[in-house]
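Colleague: See coords_9.cif below, with mmCIF, C-alpha atoms.
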```cif
data_target
loop_
_atom_site.group_PDB
_atom_site.id
_atom_site.type_symbol
_atom_site.label_atom_id
_atom_site.label_comp_id
_atom_site.auth_asym_id
_atom_site.auth_seq_id
_atom_site.Cartn_x
_atom_site.Cartn_y
_atom_site.Cartn_z
ATOM 1 C CA MET S 1 -84.794 -8.170 -91.551
ATOM 2 C CA LYS S 2 -85.031 -4.451 -91.555
ATOM 3 C CA LEU S 3 -85.882 -2.469 -94.644
ATOM 4 C CA ASN S 4 -82.503 -0.712 -94.614
ATOM 5 C CA GLU S 5 -80.768 -3.976 -94.430
ATOM 6 C CA ILE S 6 -82.764 -5.321 -97.405
ATOM 7 C CA THR S 7 -81.981 -2.212 -99.465
ATOM 8 C CA TYR S 8 -78.340 -2.477 -98.596
ATOM 9 C CA ARG S 9 -78.240 -6.137 -99.527
ATOM 10 C CA ARG S 10 -80.008 -5.476 -102.830
ATOM 11 C CA SER S 11 -77.706 -2.652 -103.726
ATOM 12 C CA PHE S 12 -74.692 -4.749 -102.682
ATOM 13 C CA LEU S 13 -75.895 -7.666 -104.855
ATOM 14 C CA SER S 14 -76.471 -5.407 -107.805
ATOM 15 C CA PHE S 15 -72.967 -3.957 -107.285
ATOM 16 C CA ILE S 16 -71.556 -7.513 -107.300
ATOM 17 C CA ASP S 17 -73.549 -8.365 -110.446
ATOM 18 C CA ILE S 18 -72.334 -5.291 -112.290
ATOM 19 C CA LYS S 19 -68.783 -6.052 -111.260
ATOM 20 C CA HIS S 20 -69.130 -9.637 -112.466
ATOM 21 C CA ALA S 21 -70.689 -8.473 -115.675
ATOM 22 C CA TYR S 22 -67.728 -6.108 -116.280
ATOM 23 C CA ILE S 23 -65.223 -8.828 -115.516
ATOM 24 C CA ILE S 24 -66.993 -11.248 -117.827
ATOM 25 C CA LEU S 25 -67.222 -8.552 -120.493
ATOM 26 C CA ILE S 26 -63.523 -7.705 -120.176
ATOM 27 C CA PHE S 27 -62.621 -11.403 -120.201
ATOM 28 C CA LEU S 28 -64.738 -12.015 -123.284
ATOM 29 C CA THR S 29 -63.281 -8.943 -125.007
ATOM 30 C CA LEU S 30 -59.722 -10.061 -124.260
ATOM 31 C CA THR S 31 -60.481 -13.601 -125.413
ATOM 32 C CA PHE S 32 -62.034 -12.261 -128.601
ATOM 33 C CA VAL S 33 -59.127 -9.922 -129.320
ATOM 34 C CA SER S 34 -56.653 -12.670 -128.599
ATOM 35 C CA ALA S 35 -58.519 -15.089 -130.852
ATOM 36 C CA CYS S 36 -58.697 -12.495 -133.594
ATOM 37 C CA ASN S 37 -54.975 -11.824 -133.351
ATOM 38 C CA GLU S 38 -54.169 -15.485 -133.461
ATOM 39 C CA ALA S 39 -56.467 -16.043 -136.412
ATOM 40 C CA ASN S 40 -54.961 -13.071 -138.184
ATOM 41 C CA PHE S 41 -51.427 -14.292 -137.491
ATOM 42 C CA LYS S 42 -52.264 -17.769 -138.701
ATOM 43 C CA GLY S 43 -53.930 -16.253 -141.720
ATOM 44 C CA GLU S 44 -50.804 -14.265 -142.513
ATOM 45 C CA GLN S 45 -48.681 -17.295 -141.991
ATOM 46 C CA GLY S 46 -50.938 -19.361 -144.172
ATOM 47 C CA ASN S 47 -50.862 -16.822 -146.958
ATOM 48 C CA LYS S 48 -47.161 -16.209 -146.711
ATOM 49 C CA LYS S 49 -45.555 -17.959 -149.673
ATOM 50 C CA PRO S 50 -41.825 -17.999 -150.273
ATOM 51 C CA LEU S 51 -40.852 -15.452 -152.864
ATOM 52 C CA SER S 52 -40.369 -16.865 -156.293
ATOM 53 C CA GLU S 53 -36.987 -16.530 -157.964
ATOM 54 C CA ASP S 54 -38.459 -13.835 -160.209
ATOM 55 C CA GLN S 55 -39.814 -11.897 -157.206
ATOM 56 C CA ARG S 56 -36.524 -12.143 -155.357
ATOM 57 C CA ILE S 57 -34.505 -11.187 -158.357
ATOM 58 C CA GLY S 58 -37.083 -8.621 -159.372
ATOM 59 C CA ASN S 59 -37.217 -6.856 -156.014
ATOM 60 C CA ALA S 60 -33.690 -5.743 -155.481
ATOM 61 C CA SER S 61 -31.859 -6.813 -158.548
ATOM 62 C CA ILE S 62 -29.781 -4.988 -161.043
ATOM 63 C CA VAL S 63 -30.333 -5.479 -164.711
ATOM 64 C CA GLU S 64 -27.094 -4.689 -166.404
ATOM 65 C CA GLU S 65 -26.604 -4.706 -170.121
ATOM 66 C CA VAL S 66 -23.140 -5.807 -171.141
ATOM 67 C CA THR S 67 -21.920 -5.565 -174.693
ATOM 68 C CA VAL S 68 -19.694 -8.318 -176.006
ATOM 69 C CA SER S 69 -16.623 -6.323 -176.762
ATOM 70 C CA LEU S 70 -14.654 -6.170 -179.943
ATOM 71 C CA ASN S 71 -11.702 -6.634 -177.694
ATOM 72 C CA LYS S 72 -10.749 -10.280 -177.925
ATOM 73 C CA VAL S 73 -9.413 -10.215 -174.384
ATOM 74 C CA GLU S 74 -12.984 -10.803 -173.300
ATOM 75 C CA GLU S 75 -13.117 -14.006 -175.280
ATOM 76 C CA ALA S 76 -10.930 -16.098 -173.069
ATOM 77 C CA ASN S 77 -8.878 -19.006 -174.296
ATOM 78 C CA GLY S 78 -10.137 -22.360 -173.119
ATOM 79 C CA VAL S 79 -7.952 -24.700 -171.111
ATOM 80 C CA ALA S 80 -8.527 -28.383 -171.819
ATOM 81 C CA ASP S 81 -6.903 -31.638 -170.773
ATOM 82 C CA ILE S 82 -7.954 -34.165 -173.425
ATOM 83 C CA ILE S 83 -7.834 -37.771 -172.248
ATOM 84 C CA PHE S 84 -8.270 -40.600 -174.769
ATOM 85 C CA LEU S 85 -9.015 -44.101 -173.464
ATOM 86 C CA PHE S 86 -8.538 -46.852 -176.040
ATOM 87 C CA ASP S 87 -10.226 -50.171 -175.354
ATOM 88 C CA THR S 88 -7.522 -52.673 -176.286
ATOM 89 C CA SER S 89 -9.987 -55.292 -177.400
ATOM 90 C CA SER S 90 -11.847 -52.963 -179.717
ATOM 91 C CA SER S 91 -12.252 -54.774 -182.982
ATOM 92 C CA MET S 92 -10.933 -52.131 -185.287
ATOM 93 C CA ASP S 93 -8.557 -53.291 -187.924
ATOM 94 C CA SER S 94 -4.879 -52.752 -187.249
ATOM 95 C CA GLU S 95 -4.631 -49.808 -189.604
ATOM 96 C CA ARG S 96 -7.353 -47.925 -187.766
ATOM 97 C CA LYS S 97 -5.974 -48.966 -184.380
ATOM 98 C CA ASN S 98 -2.761 -47.309 -185.313
ATOM 99 C CA MET O 1 -3.574 -37.433 -184.296
ATOM 100 C CA ALA O 2 -1.490 -34.808 -186.032
ATOM 101 C CA LEU O 3 -4.670 -33.632 -187.742
ATOM 102 C CA PHE O 4 -6.445 -33.504 -184.380
ATOM 103 C CA LEU O 5 -3.648 -31.517 -182.727
ATOM 104 C CA SER O 6 -3.388 -29.162 -185.681
ATOM 105 C CA LYS O 7 -6.870 -27.899 -184.883
ATOM 106 C CA PHE O 8 -5.619 -26.400 -181.642
ATOM 107 C CA ARG O 9 -3.088 -23.644 -181.483
ATOM 108 C CA ASP O 10 -0.432 -23.632 -178.810
ATOM 109 C CA GLY O 11 0.016 -21.095 -176.061
ATOM 110 C CA SER O 12 -1.815 -17.910 -176.868
ATOM 111 C CA GLY O 13 -4.056 -19.666 -179.391
ATOM 112 C CA ILE O 14 -7.595 -20.900 -179.082
ATOM 113 C CA ILE O 15 -7.169 -23.774 -176.654
ATOM 114 C CA ASP O 16 -4.429 -24.282 -174.124
ATOM 115 C CA TYR O 17 -4.455 -28.074 -174.465
ATOM 116 C CA GLN O 18 -2.769 -31.251 -173.260
ATOM 117 C CA VAL O 19 -3.463 -34.652 -174.798
ATOM 118 C CA ILE O 20 -3.035 -37.896 -172.887
ATOM 119 C CA MET O 21 -3.505 -41.223 -174.708
ATOM 120 C CA ILE O 22 -4.244 -44.181 -172.416
ATOM 121 C CA GLY O 23 -4.101 -47.669 -173.878
ATOM 122 C CA ARG O 24 -2.017 -50.739 -174.586
ATOM 123 C CA GLU O 25 -1.221 -52.662 -177.787
ATOM 124 C CA PHE O 26 -1.796 -49.607 -179.908
ATOM 125 C CA ILE O 27 0.952 -48.006 -181.915
ATOM 126 C CA PHE O 28 0.291 -44.438 -180.956
ATOM 127 C CA PRO O 29 1.908 -41.768 -183.080
ATOM 128 C CA ASP O 30 5.151 -40.587 -181.591
ATOM 129 C CA ILE O 31 4.701 -36.854 -181.737
ATOM 130 C CA ALA O 32 7.409 -34.573 -180.429
ATOM 131 C CA ASN O 33 5.102 -32.283 -178.559
ATOM 132 C CA GLY O 34 5.462 -31.359 -174.918
ATOM 133 C CA ARG O 35 1.695 -31.267 -174.638
ATOM 134 C CA TYR O 36 1.264 -34.912 -175.636
ATOM 135 C CA GLU O 37 1.807 -38.077 -173.579
ATOM 136 C CA ILE O 38 1.185 -41.778 -174.078
ATOM 137 C CA VAL O 39 0.262 -43.758 -170.955
ATOM 138 C CA ASP O 40 0.801 -47.508 -171.271
ATOM 139 C CA ARG O 41 -2.144 -48.868 -169.386
ATOM 140 C CA LEU O 42 -4.659 -51.593 -170.212
ATOM 141 C CA VAL O 43 -8.196 -50.481 -170.920
ATOM 142 C CA ASP O 44 -10.337 -53.578 -171.197
ATOM 143 C CA SER O 45 -13.670 -54.135 -172.934
ATOM 144 C CA HIS O 46 -15.918 -52.869 -170.177
ATOM 145 C CA ASP O 47 -13.756 -50.947 -167.734
ATOM 146 C CA ALA O 48 -12.994 -47.631 -169.473
ATOM 147 C CA LEU O 49 -14.971 -45.676 -166.855
ATOM 148 C CA SER O 50 -13.208 -47.483 -163.982
ATOM 149 C CA VAL O 51 -9.810 -46.766 -165.558
ATOM 150 C CA LEU O 52 -10.846 -43.133 -166.019
ATOM 151 C CA LYS O 53 -11.938 -42.835 -162.389
ATOM 152 C CA ASP O 54 -8.644 -44.255 -161.233
ATOM 153 C CA PHE O 55 -6.703 -41.970 -163.581
ATOM 154 C CA LEU O 56 -8.523 -38.845 -162.405
ATOM 155 C CA GLN O 57 -7.901 -39.821 -158.778
ATOM 156 C CA ASN O 58 -4.183 -40.425 -159.354
ATOM 157 C CA PRO O 59 -3.270 -37.855 -161.968
ATOM 158 C CA ASN O 60 0.246 -37.204 -160.766
ATOM 159 C CA LEU O 61 1.705 -40.532 -161.825
ATOM 160 C CA ASN O 62 2.298 -39.180 -165.334
ATOM 161 C CA ARG O 63 4.624 -36.653 -166.894
ATOM 162 C CA LEU O 64 1.792 -34.334 -167.832
ATOM 163 C CA LYS O 65 -0.103 -33.144 -164.806
ATOM 164 C CA LEU O 66 -3.828 -32.569 -165.016
ATOM 165 C CA ARG O 67 -4.526 -28.900 -164.464
ATOM 166 C CA PRO O 68 -7.263 -27.935 -162.006
ATOM 167 C CA GLU O 69 -8.534 -25.124 -164.243
ATOM 168 C CA ALA O 70 -8.685 -27.324 -167.346
ATOM 169 C CA VAL O 71 -11.875 -28.888 -168.597
ATOM 170 C CA LYS O 72 -11.365 -32.640 -168.791
ATOM 171 C CA GLU O 73 -12.386 -33.673 -172.283
ATOM 172 C CA VAL O 74 -12.599 -37.470 -172.097
ATOM 173 C CA VAL O 75 -12.745 -39.498 -175.308
ATOM 174 C CA ILE O 76 -13.689 -43.182 -174.969
ATOM 175 C CA VAL O 77 -12.767 -45.372 -177.927
ATOM 176 C CA SER O 78 -14.492 -48.733 -177.536
ATOM 177 C CA ASP O 79 -16.566 -51.324 -179.378
ATOM 178 C CA ASP O 80 -18.248 -52.407 -176.158
ATOM 179 C CA ASN O 81 -20.376 -51.057 -173.329
ATOM 180 C CA ALA O 82 -19.282 -50.011 -169.838
ATOM 181 C CA ASP O 83 -19.801 -52.277 -166.852
ATOM 182 C CA MET O 84 -20.419 -49.242 -164.624
ATOM 183 C CA HIS O 85 -23.892 -47.740 -164.563
ATOM 184 C CA PRO O 86 -23.778 -44.246 -166.095
ATOM 185 C CA ARG O 87 -25.697 -42.729 -163.158
ATOM 186 C CA ASP O 88 -23.122 -44.158 -160.711
ATOM 187 C CA PHE O 89 -20.307 -42.616 -162.732
ATOM 188 C CA GLU O 90 -22.154 -39.313 -162.992
ATOM 189 C CA ALA O 91 -22.777 -39.322 -159.219
ATOM 190 C CA TRP O 92 -19.065 -39.898 -158.639
ATOM 191 C CA ILE O 93 -18.176 -36.998 -160.956
ATOM 192 C CA ARG O 94 -20.616 -34.692 -159.175
ATOM 193 C CA GLY O 95 -19.258 -35.764 -155.791
ATOM 194 C CA GLN O 96 -15.717 -34.939 -156.913
ATOM 195 C CA GLN O 97 -16.864 -31.615 -158.320
ATOM 196 C CA ASN O 98 -18.750 -30.725 -155.129
ATOM 197 C CA SER O 99 -15.688 -31.484 -153.040
ATOM 198 C CA GLY O 100 -13.635 -29.213 -155.309
ATOM 199 C CA SER O 101 -11.222 -31.905 -156.454
ATOM 200 C CA LEU O 102 -12.464 -31.959 -160.044
ATOM 201 C CA GLY O 103 -13.598 -29.237 -162.430
ATOM 202 C CA ARG O 104 -15.711 -29.535 -165.544
ATOM 203 C CA VAL O 105 -15.739 -32.879 -167.350
ATOM 204 C CA HIS O 106 -17.145 -33.734 -170.790
ATOM 205 C CA ILE O 107 -17.598 -37.304 -171.970
ATOM 206 C CA ASN O 108 -17.045 -37.834 -175.691
ATOM 207 C CA GLY O 109 -16.596 -41.086 -177.543
ATOM 208 C CA PHE O 110 -16.064 -43.138 -180.643
ATOM 209 C CA VAL O 111 -18.267 -46.095 -179.784
ATOM 210 C CA GLY O 112 -20.675 -48.557 -181.280
ATOM 211 C CA LEU O 113 -24.112 -47.108 -181.906
ATOM 212 C CA PRO O 114 -27.326 -49.038 -182.629
ATOM 213 C CA GLN O 115 -27.099 -47.784 -186.216
ATOM 214 C CA SER O 116 -23.407 -48.644 -186.683
ATOM 215 C CA GLN O 117 -22.778 -50.335 -190.024
ATOM 216 C CA GLN O 118 -20.596 -53.342 -189.218
ATOM 217 C CA ASN O 119 -18.293 -54.762 -191.843
ATOM 218 C CA SER O 120 -15.005 -56.547 -192.344
ATOM 219 C CA TRP O 121 -12.955 -53.848 -190.657
ATOM 220 C CA CYS O 122 -15.319 -52.820 -187.871
ATOM 221 C CA LYS O 123 -17.308 -55.106 -185.621
ATOM 222 C CA ILE O 124 -19.263 -53.888 -182.608
ATOM 223 C CA SER O 125 -19.411 -56.234 -179.608
ATOM 224 C CA SER O 126 -22.124 -54.165 -177.996
ATOM 225 C CA PRO O 127 -23.467 -50.616 -178.508
ATOM 226 C CA GLY O 128 -22.037 -48.221 -175.942
ATOM 227 C CA SER O 129 -25.354 -47.272 -174.347
ATOM 228 C CA ALA O 130 -23.700 -46.187 -171.072
ATOM 229 C CA TYR O 131 -21.473 -43.782 -173.007
ATOM 230 C CA SER O 132 -24.486 -42.568 -174.994
ATOM 231 C CA ASP O 133 -26.286 -41.778 -171.725
ATOM 232 C CA LEU O 134 -23.311 -39.838 -170.389
ATOM 233 C CA ALA O 135 -22.747 -37.990 -173.655
ATOM 234 C CA ALA O 136 -26.391 -36.890 -173.645
ATOM 235 C CA ASP O 137 -26.152 -35.347 -170.184
ATOM 236 C CA PRO O 138 -26.582 -31.538 -170.363
ATOM 237 C CA ILE O 139 -23.692 -30.923 -167.966
ATOM 238 C CA ILE O 140 -21.078 -33.599 -168.638
ATOM 239 C CA GLY O 141 -22.186 -34.577 -172.112
ATOM 240 C CA GLY O 142 -19.953 -34.288 -175.144
ATOM 241 C CA LEU O 143 -19.829 -35.571 -178.692
ATOM 242 C CA LEU O 144 -20.493 -39.241 -179.366
ATOM 243 C CA GLN O 145 -19.596 -40.588 -182.791
ATOM 244 C CA ASP O 146 -19.870 -43.878 -184.612
ATOM 245 C CA LEU O 147 -16.782 -46.064 -184.234
ATOM 246 C CA CYS O 148 -17.505 -47.626 -187.609
ATOM 247 C CA THR O 149 -17.336 -44.361 -189.509
ATOM 248 C CA GLU O 150 -15.064 -45.017 -192.445
ATOM 249 C CA ASP O 151 -13.287 -41.683 -192.525
ATOM 250 C CA TRP O 152 -11.710 -41.123 -189.139
ATOM 251 C CA SER O 153 -10.320 -37.761 -190.160
ATOM 252 C CA GLN O 154 -13.949 -36.606 -190.130
ATOM 253 C CA LEU O 155 -14.381 -37.949 -186.574
ATOM 254 C CA VAL O 156 -11.282 -36.280 -185.167
ATOM 255 C CA THR O 157 -12.075 -33.011 -186.943
ATOM 256 C CA SER O 158 -15.607 -32.981 -185.504
ATOM 257 C CA LEU O 159 -14.237 -33.849 -182.074
ATOM 258 C CA ALA O 160 -11.649 -31.066 -182.183
ATOM 259 C CA ASP O 161 -14.311 -28.572 -183.337
ATOM 260 C CA GLN O 162 -16.616 -29.657 -180.519
ATOM 261 C CA ILE O 163 -13.850 -29.272 -177.924
ATOM 262 C CA ILE O 164 -12.985 -25.810 -179.235
ATOM 263 C CA VAL O 165 -16.621 -24.734 -179.314
ATOM 264 C CA SER O 166 -17.332 -25.895 -175.777
ATOM 265 C CA ASN O 167 -14.159 -24.442 -174.291
ATOM 266 C CA VAL O 168 -13.775 -21.011 -175.825
ATOM 267 C CA THR O 169 -15.671 -18.942 -173.336
ATOM 268 C CA THR O 170 -16.990 -15.412 -173.324
ATOM 269 C CA GLU O 171 -16.242 -13.439 -170.170
ATOM 270 C CA LEU O 172 -18.335 -10.437 -169.222
ATOM 271 C CA ALA O 173 -17.271 -8.186 -166.350
ATOM 272 C CA LEU O 174 -20.062 -6.651 -164.253
ATOM 273 C CA ASN O 175 -19.967 -3.215 -162.628
ATOM 274 C CA LYS O 176 -21.348 -4.082 -159.203
ATOM 275 C CA LYS O 177 -20.246 -6.810 -156.830
ATOM 276 C CA ILE O 178 -22.303 -9.969 -157.462
ATOM 277 C CA ASP O 179 -24.285 -11.293 -154.499
ATOM 278 C CA PRO O 180 -23.452 -15.034 -154.433
ATOM 279 C CA SER O 181 -26.611 -15.866 -152.471
ATOM 280 C CA ALA O 182 -28.987 -14.751 -155.212
ATOM 281 C CA PRO O 183 -29.632 -16.367 -158.557
ATOM 282 C CA ILE O 184 -28.357 -14.826 -161.750
ATOM 283 C CA LYS O 185 -30.104 -14.812 -165.101
ATOM 284 C CA VAL O 186 -28.423 -14.089 -168.391
ATOM 285 C CA PHE O 187 -30.320 -13.156 -171.549
ATOM 286 C CA ILE O 188 -29.106 -12.760 -175.112
ATOM 287 C CA ASP O 189 -31.604 -11.183 -177.482
ATOM 288 C CA GLY O 190 -34.279 -11.658 -174.825
ATOM 289 C CA ARG O 191 -33.703 -15.397 -174.559
ATOM 290 C CA GLN O 192 -32.383 -16.825 -171.326
ATOM 291 C CA VAL O 193 -29.074 -18.657 -171.475
ATOM 292 C CA PRO O 194 -29.481 -22.073 -169.791
ATOM 293 C CA PRO O 195 -27.855 -21.915 -166.334
ATOM 294 C CA ALA O 196 -25.784 -24.996 -167.189
ATOM 295 C CA HIS O 197 -23.883 -22.864 -169.714
ATOM 296 C CA THR O 198 -23.382 -19.925 -167.366
ATOM 297 C CA MET O 199 -20.592 -19.819 -164.818
ATOM 298 C CA ILE O 200 -19.853 -17.057 -162.361
ATOM 299 C CA ASN O 201 -16.362 -16.023 -161.404
ATOM 300 C CA TYR O 202 -17.018 -14.206 -158.109
ATOM 301 C CA GLU O 203 -13.353 -13.388 -157.599
ATOM 302 C CA ARG O 204 -13.161 -11.488 -160.879
ATOM 303 C CA ASN O 205 -16.834 -10.426 -160.720
ATOM 304 C CA MET O 206 -17.517 -11.920 -164.114
ATOM 305 C CA ILE O 207 -20.096 -13.959 -165.930
ATOM 306 C CA VAL O 208 -18.513 -16.683 -168.033
ATOM 307 C CA LEU O 209 -20.525 -18.168 -170.892
ATOM 308 C CA ASP O 210 -19.231 -21.485 -172.150
ATOM 309 C CA GLY O 211 -18.445 -22.121 -175.775
ATOM 310 C CA THR O 212 -21.863 -23.556 -176.596
ATOM 311 C CA VAL O 213 -23.277 -20.031 -176.165
ATOM 312 C CA LYS O 214 -22.634 -18.203 -179.392
ATOM 313 C CA THR O 215 -21.757 -14.549 -178.985
ATOM 314 C CA ARG O 216 -20.464 -12.017 -181.454
ATOM 315 C CA PRO O 217 -18.810 -8.703 -180.781
ATOM 316 C CA GLY O 218 -21.529 -6.094 -180.322
ATOM 317 C CA ASP O 219 -24.125 -8.524 -178.912
ATOM 318 C CA LYS O 220 -26.097 -7.075 -176.010
ATOM 319 C CA VAL O 221 -26.175 -9.429 -173.054
ATOM 320 C CA SER O 222 -28.558 -8.627 -170.197
ATOM 321 C CA VAL O 223 -27.569 -9.869 -166.791
ATOM 322 C CA LYS O 224 -30.077 -9.851 -163.920
ATOM 323 C CA TYR O 225 -28.358 -10.168 -160.574
ATOM 324 C CA ASN O 226 -28.316 -8.895 -157.021
ATOM 325 C CA SER O 227 -25.454 -6.814 -155.751
ATOM 326 C CA ILE O 228 -23.843 -6.669 -152.334
ATOM 327 C CA ASP O 229 -22.452 -3.159 -152.961
#
```
Is it possible to give me this structure as structure tokens?

Modeller:
Amino acid sequence: MKLNEITYRRSFLSFIDIKHAYIILIFLTLTFVSACNEANFKGEQGNKKPLSEDQRIGNASIVEEVTVSLNKVEEANGVADIIFLFDTSSSMDSERKN
Amino acid sequence: MALFLSKFRDGSGIIDYQVIMIGREFIFPDIANGRYEIVDRLVDSHDALSVLKDFLQNPNLNRLKLRPEAVKEVVIVSDDNADMHPRDFEAWIRGQQNSGSLGRVHINGFVGLPQSQQNSWCKISSPGSAYSDLAADPIIGGLLQDLCTEDWSQLVTSLADQIIVSNVTTELALNKKIDPSAPIKVFIDGRQVPPAHTMINYERNMIVLDGTVKTRPGDKVSVKYNSID
């Protein structure tokens, strides 16, 4: 083997090594970034709690103060159907039954 | 009964009422009142809740029609217990309410209680524990009284007062359109009104407080809600 050929081979090998090293470095960097992102995402997910009723109502809610008016219109009349059921065998005396 | 009815005022009065008496072998007072009806139907020792279920499912067989907007104030008069489990009856009520075929219902009663004083004119076959359970429910509960109370005028007066109190509502109109998807909290003097006593009329954009919530003119009521405006 000639000296030139040896030099060429060495320089070629070192070129290959550097290229491999870059590829490995890039691969590792991408893997690391990807892992970090995933971990971060999972972390966010893990920490994400549903908003409590107070938070939901506190975030965008209106607090309105209403005064019970003197106007009786606001005090609505109730509507009631009153249904009595009398157990026939109930042992009340006749006077009370009637 | 006349005493009971006298507590309510007709038409524009406190309670727009109808009274339906279901039973057999009683001599019910014959009152000339278009808001009063006697239904001749047997209610046996243990089946008052079954009869009630059937009546609520077939309300149009009578002269007086049950009104969808009316609170059904049920009054059981019995010296015995129900054969239906109270939770089963409650589940049926809730099912009917969820399907929209029944509005608010309150269960009241004149029944035997563990402390009832039995005597020559009042004997209890069995305490009405099923009715006690239902009457204690925060949503459908009403007033339960001792069947063996000597003075029945006291019972009917208390019952009428309870019905008036739980049915005279306070309506409060809000300025912005209520978001139905968000919860609403109502406070009077800084204390939250239990949600069971708060109703929301989305159509009229109003908060309706039932009669158990005492309000006076001038009271400040804080309402926390989300708006869709």

Colleague: Of the residues S:Asp87, S:Gly78, S:Val68, S:Ile62, which is the one nearest to Lys72 in chain O, using all atoms listed in the file?

Modeller: S:Gly78

Colleague: Produce a table with one row for each residue of chain O that has an atom at most 6 Å from any atom of chain S, each row naming the nearest atom pair and its distance in Å at one decimal; use all atoms listed in the file; arrange rows by chain and rising residue number; format as CSV.

Modeller:
```
residue,atom,partner,partner_atom,distance
O:Ile14,CA,S:Asn77,CA,5.3
O:Ile15,CA,S:Gly78,CA,4.8
O:Asp16,CA,S:Val79,CA,4.7
O:Tyr17,CA,S:Ala80,CA,4.9
O:Gln18,CA,S:Asp81,CA,4.8
O:Val19,CA,S:Ile82,CA,4.7
O:Ile20,CA,S:Ile83,CA,4.8
O:Met21,CA,S:Phe84,CA,4.8
O:Ile22,CA,S:Leu85,CA,4.9
O:Gly23,CA,S:Phe86,CA,5.0
O:Phe26,CA,S:Asn98,CA,6.0
O:Ile27,CA,S:Asn98,CA,5.1
O:Val43,CA,S:Asp87,CA,4.9
O:Asp44,CA,S:Asp87,CA,5.4
O:Ser45,CA,S:Asp87,CA,5.8
O:Ala70,CA,S:Ala80,CA,4.6
O:Val71,CA,S:Ala80,CA,4.7
O:Lys72,CA,S:Asp81,CA,5.0
O:Glu73,CA,S:Ile82,CA,4.6
O:Val74,CA,S:Ile83,CA,4.8
O:Val75,CA,S:Phe84,CA,4.6
O:Ile76,CA,S:Leu85,CA,5.0
O:Val77,CA,S:Phe86,CA,4.9
O:Ser78,CA,S:Asp87,CA,5.0
O:Asp79,CA,S:Ser90,CA,5.0
O:Trp121,CA,S:Asp93,CA,5.2
O:Cys122,CA,S:Met92,CA,5.1
O:Lys123,CA,S:Ser91,CA,5.7
O:Asn167,CA,S:Gly78,CA,4.7
O:Val168,CA,S:Gly78,CA,4.7
O:Thr169,CA,S:Ala76,CA,5.5
O:Thr170,CA,S:Glu75,CA,4.6
O:Glu171,CA,S:Glu74,CA,5.2
O:Pro217,CA,S:Val68,CA,4.9
O:Gly218,CA,S:Val68,CA,5.2
O:Asp219,CA,S:Val68,CA,5.3
O:Lys220,CA,S:Thr67,CA,4.6
O:Val221,CA,S:Val66,CA,5.1
O:Ser222,CA,S:Glu65,CA,4.4
O:Val223,CA,S:Glu64,CA,5.2
O:Lys224,CA,S:Val63,CA,4.5
O:Tyr225,CA,S:Ser61,CA,5.3
O:Asn226,CA,S:Ser61,CA,4.4
```

Colleague: One decimal, in Å: what's the spacing between CA of Asp210 in chain O and CA of Glu37 in chain O?

Modeller: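 About the pair CA of Asp210 in chain O and CA of Glu37 in chain O: they are 26.8 Å apart.
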
Colleague: Write out as a list in words each polymer residue whose atoms come within 10 Å of Glu90 in chain O, counting all atoms listed in the file; drop sequence neighbours fewer than 5 positions from it.

Modeller: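 The contact residues come out as His85, Gly95, Gln96, Asp133, Leu134, Asp137, Ile139 and Ile140 of chain O.
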
Colleague: Would you kindly identify which residues have an atom no farther than 9 Å from (-21.0, -31.3, -174.0), using all atoms listed in the file and the file's own coordinates, and write them out as a list in words?

Modeller: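 I get Val105, His106, Ile107, Asn108, Ala135, Ala136, Asp137, Pro138, Ile139, Ile140, Gly141, Gly142, Leu143, Gln162, Ile163, Ser166 and Thr212 of chain O for the residues within 9 Å of that point.
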
Colleague: Between O:Gly112, O:Pro29, O:Gly103, O:Pro127, which has the minimum distance to Leu56 in chain O (counting only C-alpha atoms)?

Modeller: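 When distances to Leu56 in chain O are compared using only C-alpha atoms, the smallest one comes from O:Gly103.
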
Colleague: On this structure, the PyMOL selection byres ((chain O and resi 64) around 8) would catch which residues? List them as number ranges by chain, sorted by chain and number.

Modeller: O: 18, 20, 35-37, 60, 62-63, 65-66

Colleague: With only C-alpha atoms as the counted atoms, please give the residues lying no more than 6 Å from range 176-179 of chain O, apart from itself and same-chain residues fewer than 4 positions off, as a list in words.

Modeller: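 Listing them by chain and then by number gives Asn226, Ser227, Ile228 and Asp229 of chain O.
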
Colleague: Could you tell me how far CA of Arg24 in chain O lies from CA of Ile38 in chain O, in Å and to one decimal?

Modeller: 9.5 Å

Colleague: Give as number ranges by chain the residues that the PyMOL selection byres ((chain O and resi 3) around 9) matches when applied to the coordinates above.

Modeller: O: 1-2, 4-7, 153, 156-157

Colleague: Expanded to explicit residues, what is the PyMOL selection byres ((chain O and resi 57) around 12) for this file, as a list of chain:residue names?

Modeller: O:Ser50, O:Val51, O:Leu52, O:Lys53, O:Asp54, O:Phe55, O:Leu56, O:Asn58, O:Pro59, O:Asn60, O:Leu61, O:Lys65, O:Leu66, O:Trp92, O:Ile93, O:Gln96, O:Ser101, O:Leu102

Colleague: Name the residues in contact with Ala82 in chain O at a cut-off of 9 Å, using all atoms listed in the file, excluding same-chain residues fewer than 4 positions from it; report them as an mmCIF file with C-alpha atoms, keeping the file's coordinate frame.

Modeller:
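Below you can see part_36.cif, which holds the result:
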```cif
data_model
loop_
_atom_site.group_PDB
_atom_site.id
_atom_site.type_symbol
_atom_site.label_atom_id
_atom_site.label_comp_id
_atom_site.auth_asym_id
_atom_site.auth_seq_id
_atom_site.Cartn_x
_atom_site.Cartn_y
_atom_site.Cartn_z
ATOM 1 C CA SER O 45 -13.670 -54.135 -172.934
ATOM 2 C CA HIS O 46 -15.918 -52.869 -170.177
ATOM 3 C CA ASP O 47 -13.756 -50.947 -167.734
ATOM 4 C CA ALA O 48 -12.994 -47.631 -169.473
ATOM 5 C CA LEU O 49 -14.971 -45.676 -166.855
ATOM 6 C CA SER O 50 -13.208 -47.483 -163.982
ATOM 7 C CA PRO O 86 -23.778 -44.246 -166.095
ATOM 8 C CA GLY O 128 -22.037 -48.221 -175.942
ATOM 9 C CA SER O 129 -25.354 -47.272 -174.347
ATOM 10 C CA ALA O 130 -23.700 -46.187 -171.072
ATOM 11 C CA TYR O 131 -21.473 -43.782 -173.007
#
```
